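I have placed the structure first, in the form of structure tokens, so that the comments after it can refer back to it.
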Amino acid sequence: MFDGTRVAVVVPAFNEARLIGRTLGRVPAFVDQIVVVDDGSRDDTAERARSAHDPRVVVIEHATNRGVGAAIASGYRAAFDAGADVAVVMAGDAQMDPSDLPALLGPIVRGEADYAKGDRLSYPRASAQMPLTRFVGNHLLSALTRLATGLPVRDSQCGYTALSRRAEAHLATPALWPRYGYPNDLLGRAAAAGLRVRDVPVRPVYADEASGIGLRHALFVVPWVLARVVGRRGRALFSARPLEAPELRAIAPDERGR
Ligand SMILES: Nc1nc2c(ncn2[C@@H]2O[C@H](COP(=O)(O)OP(=O)(O)O)[C@@H](O)[C@H]2O)c(=O)[nH]1
Ligand SMILES: [Mg+2]
């Protein structure tokens, strides 16, 4: 528990046998449950996760690779069904610094935000700690995301996030964009639902892990996901009745918080 709040960590993992043990070994003691989603890995990621021998760990296995967005959606379902108040996403390649977790949870626990997300770009000396292409690319995609969603987010592509259970119920996460681009789709849904989104500076961690994100995602996939977000906003503007599913309606103020 963190300040009376039940916290789950969702760990999407694809071929992370080398780093999953390190990731799980660093999850803080106040976390109640850890949901590892093995996304059709070809290595022994799931086995390594189980052999962490941490009673908090539950391993879900996708029979085939479905993408990081789909893995996170599966993890959210399991975490909230098991009673979590907040679900935090920490990637299976140990790229999220666990010491940032309390700061990320703070705005949700205090009832100030529905979705708190990491912001590596505001971290002191971020440009020196991130590969230059990542630093510049993230600034550009964040600007596009601000335009498309209307939310003042700074680091749209950061995967280190915390989502409250009540907010998740309004996001239709099973329909989330299944691959890279899911953070942008999630932000679009959050904006449509009137959720309160908060950026929290987190340390950029770049070590010996490999990324599955390429130029194709930055140039085509994320812009396409954002075009869909704009399309949904446009349809909602011109429609007399809400176009979105009922679960995407704005959360009533008294329902907000955790
Ligand atoms: N590349 C990739 N990663 C996935 C997939 N499904 C789950 N993941 C996990 O998603 C997390 C983020 O992926 P990564 O490629 O490291 O992205 P980046 O750190 O944002 O550049 C990692 O923990 C992956 O193991 C998938 O289909 N492809
Ligand atoms: Mg990574």
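A note on labels: chains of the structure tokens are A, B, ... as shown, every chain counts residues from 1, and ligands are counted from 1 in their shown order.
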Using only C-alpha atoms, which residues sit within 7 Å of segment 183-196 of chain A once same-chain residues fewer than 2 positions away are excluded, as a list in words?
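Near segment 183-196 of chain A, the qualifying residues are Ala113, Asp114, Tyr115, Thr145, Thr149, Leu151, Ser156, Gln157, His170, Leu171, Leu176, Trp177, Gly181, Arg198, Val225, Leu226, Val229, Leu248, Arg249, Ala250 and Ile251 of chain A.
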Taking only residues of chain A that have an atom at most 8 Å from an atom of ligand 2, what is each one's shortest atom pair and its distance in Å to one decimal, using only C-alpha atoms and all ligand atoms, in chain and number order, as a Markdown table?
```
| residue | atom | partner | partner_atom_place_in_ligand_line | distance |
| --- | --- | --- | --- | --- |
| A:Ala91 | CA | ligand 2 | 1 (Mg) | 6.7 |
| A:Gly92 | CA | ligand 2 | 1 (Mg) | 7.8 |
| A:Asp93 | CA | ligand 2 | 1 (Mg) | 5.7 |
| A:Ala94 | CA | ligand 2 | 1 (Mg) | 7.8 |
| A:Gln95 | CA | ligand 2 | 1 (Mg) | 6.0 |
| A:Glu209 | CA | ligand 2 | 1 (Mg) | 6.3 |
| A:Ala210 | CA | ligand 2 | 1 (Mg) | 6.2 |
| A:Ser211 | CA | ligand 2 | 1 (Mg) | 4.8 |
| A:Gly212 | CA | ligand 2 | 1 (Mg) | 7.3 |
```
Run DSSP on the backbone of this structure and report the residues of segment 47-213 of chain A it assigns to strand (DSSP E), as a list in words.
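Filtering segment 47-213 of chain A to strand (DSSP E) leaves Val57, Val58, Val59, Ile60, Glu61, His62, Val86, Ala87, Val88, Val89, Tyr115, Ala116, Lys117, Gly118, Asp119, Thr161, Ala162, Leu163, Ser164, Val197, Arg198, Asp199, Val200 and Pro201 of chain A.
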Since we have the selection now, will you write its residues out, keeping C-alpha atoms, as an mmCIF file, in the first residue's frame?
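Wrote selection_2.cif, looks like this:
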```cif
data_model
loop_
_atom_site.group_PDB
_atom_site.id
_atom_site.type_symbol
_atom_site.label_atom_id
_atom_site.label_comp_id
_atom_site.auth_asym_id
_atom_site.auth_seq_id
_atom_site.Cartn_x
_atom_site.Cartn_y
_atom_site.Cartn_z
ATOM 1 C CA VAL A 57 4.197 -11.496 -9.198
ATOM 2 C CA VAL A 58 1.439 -12.776 -11.496
ATOM 3 C CA VAL A 59 2.464 -13.727 -15.035
ATOM 4 C CA ILE A 60 0.013 -13.408 -17.926
ATOM 5 C CA GLU A 61 1.082 -14.916 -21.243
ATOM 6 C CA HIS A 62 -0.150 -13.815 -24.646
ATOM 7 C CA VAL A 86 -3.802 2.534 -9.159
ATOM 8 C CA ALA A 87 -1.870 0.711 -11.888
ATOM 9 C CA VAL A 88 1.641 1.865 -12.757
ATOM 10 C CA VAL A 89 3.361 0.803 -15.976
ATOM 11 C CA TYR A 115 -3.504 9.844 -14.987
ATOM 12 C CA ALA A 116 0.043 10.793 -14.010
ATOM 13 C CA LYS A 117 2.748 10.283 -16.582
ATOM 14 C CA GLY A 118 6.495 10.485 -16.547
ATOM 15 C CA ASP A 119 8.182 13.463 -18.151
ATOM 16 C CA THR A 161 2.605 6.140 -16.044
ATOM 17 C CA ALA A 162 0.078 5.746 -13.223
ATOM 18 C CA LEU A 163 -3.651 5.377 -13.876
ATOM 19 C CA SER A 164 -6.439 5.325 -11.295
ATOM 20 C CA VAL A 197 -3.538 14.394 -16.730
ATOM 21 C CA ARG A 198 -0.379 15.409 -14.872
ATOM 22 C CA ASP A 199 3.267 15.338 -15.996
ATOM 23 C CA VAL A 200 5.794 14.278 -13.352
ATOM 24 C CA PRO A 201 9.549 14.662 -14.059
#
```
Of A:Tyr76, A:Gly137, A:Arg203, A:Asp3, the one nearest to Arg216 of chain A when counting only C-alpha atoms is A:Gly137
Show me which residues sit within 8 Å of ligand 1 when counting only C-alpha atoms and all ligand atoms, and put them as a VMD selection string.
chain A and resid 11 to 16 37 to 40 65 to 72 90 to 95 157 to 159 179 to 180 209 to 213
Can you list, as a ChimeraX atom specification, every residue of segment 2-224 of chain A that DSSP puts in helix (DSSP H, G or I)?
/A:20-25,45-50,68-81,98-109,120-122,126-129,132-149,165-168,173-175,182-192,215-224
Which polymer residues have any atom within 7 Å of an atom of Ser142 of chain A, counting only C-alpha atoms, with same-chain residues fewer than 2 positions away left out, as a PDB file with N, CA, C and O atoms, in the first residue's frame?
```pdb
ATOM      1  N   ASN A 138      11.191  13.064 -29.281  1.00  0.00           N
ATOM      2  CA  ASN A 138      10.150  13.133 -28.254  1.00  0.00           C
ATOM      3  C   ASN A 138       9.557  14.530 -28.153  1.00  0.00           C
ATOM      4  O   ASN A 138       8.355  14.680 -27.931  1.00  0.00           O
ATOM      5  N   HIS A 139      10.401  15.559 -28.330  1.00  0.00           N
ATOM      6  CA  HIS A 139       9.865  16.927 -28.320  1.00  0.00           C
ATOM      7  C   HIS A 139       8.879  17.122 -29.477  1.00  0.00           C
ATOM      8  O   HIS A 139       7.807  17.715 -29.311  1.00  0.00           O
ATOM      9  N   LEU A 140       9.255  16.615 -30.660  1.00  0.00           N
ATOM     10  CA  LEU A 140       8.388  16.806 -31.829  1.00  0.00           C
ATOM     11  C   LEU A 140       7.066  16.052 -31.663  1.00  0.00           C
ATOM     12  O   LEU A 140       5.977  16.594 -31.914  1.00  0.00           O
ATOM     13  N   LEU A 144       3.108  17.452 -31.414  1.00  0.00           N
ATOM     14  CA  LEU A 144       1.989  16.926 -32.227  1.00  0.00           C
ATOM     15  C   LEU A 144       0.858  16.431 -31.326  1.00  0.00           C
ATOM     16  O   LEU A 144      -0.327  16.636 -31.604  1.00  0.00           O
ATOM     17  N   THR A 145       1.246  15.764 -30.232  1.00  0.00           N
ATOM     18  CA  THR A 145       0.248  15.211 -29.306  1.00  0.00           C
ATOM     19  C   THR A 145      -0.528  16.326 -28.611  1.00  0.00           C
ATOM     20  O   THR A 145      -1.743  16.228 -28.415  1.00  0.00           O
ATOM     21  N   ARG A 146       0.179  17.412 -28.262  1.00  0.00           N
ATOM     22  CA  ARG A 146      -0.523  18.557 -27.649  1.00  0.00           C
ATOM     23  C   ARG A 146      -1.551  19.122 -28.616  1.00  0.00           C
ATOM     24  O   ARG A 146      -2.688  19.428 -28.250  1.00  0.00           O
ATOM     25  N   VAL A 153       0.647  18.169 -22.426  1.00  0.00           N
ATOM     26  CA  VAL A 153       1.647  17.174 -22.001  1.00  0.00           C
ATOM     27  C   VAL A 153       3.020  17.500 -22.578  1.00  0.00           C
ATOM     28  O   VAL A 153       3.134  18.039 -23.668  1.00  0.00           O
ATOM     29  N   ARG A 154       4.072  17.116 -21.815  1.00  0.00           N
ATOM     30  CA  ARG A 154       5.424  17.447 -22.265  1.00  0.00           C
ATOM     31  C   ARG A 154       6.165  16.269 -22.886  1.00  0.00           C
ATOM     32  O   ARG A 154       6.957  16.455 -23.795  1.00  0.00           O
ATOM     33  N   ASP A 155       5.975  15.066 -22.382  1.00  0.00           N
ATOM     34  CA  ASP A 155       6.735  13.917 -22.904  1.00  0.00           C
ATOM     35  C   ASP A 155       5.736  12.810 -23.237  1.00  0.00           C
ATOM     36  O   ASP A 155       5.578  11.854 -22.483  1.00  0.00           O
ATOM     37  N   SER A 156       5.094  12.967 -24.380  1.00  0.00           N
ATOM     38  CA  SER A 156       3.970  12.077 -24.719  1.00  0.00           C
ATOM     39  C   SER A 156       4.376  10.610 -24.820  1.00  0.00           C
ATOM     40  O   SER A 156       3.561   9.725 -24.582  1.00  0.00           O
TER      41      SER A 156
END
```
Selection near Glu112 of chain A, 9 Å with only C-alpha atoms, sequence-local residues under 2 positions removed, as a PyMOL selection string:
chain A and resi 106-110+114+196+198+256-257
Go ahead and compute the interatomic distance for atom CA of Arg166 of chain A and atom CA of Gly75 of chain A, in Å to one decimal.
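Here the two named atoms are 15.6 Å from each other.
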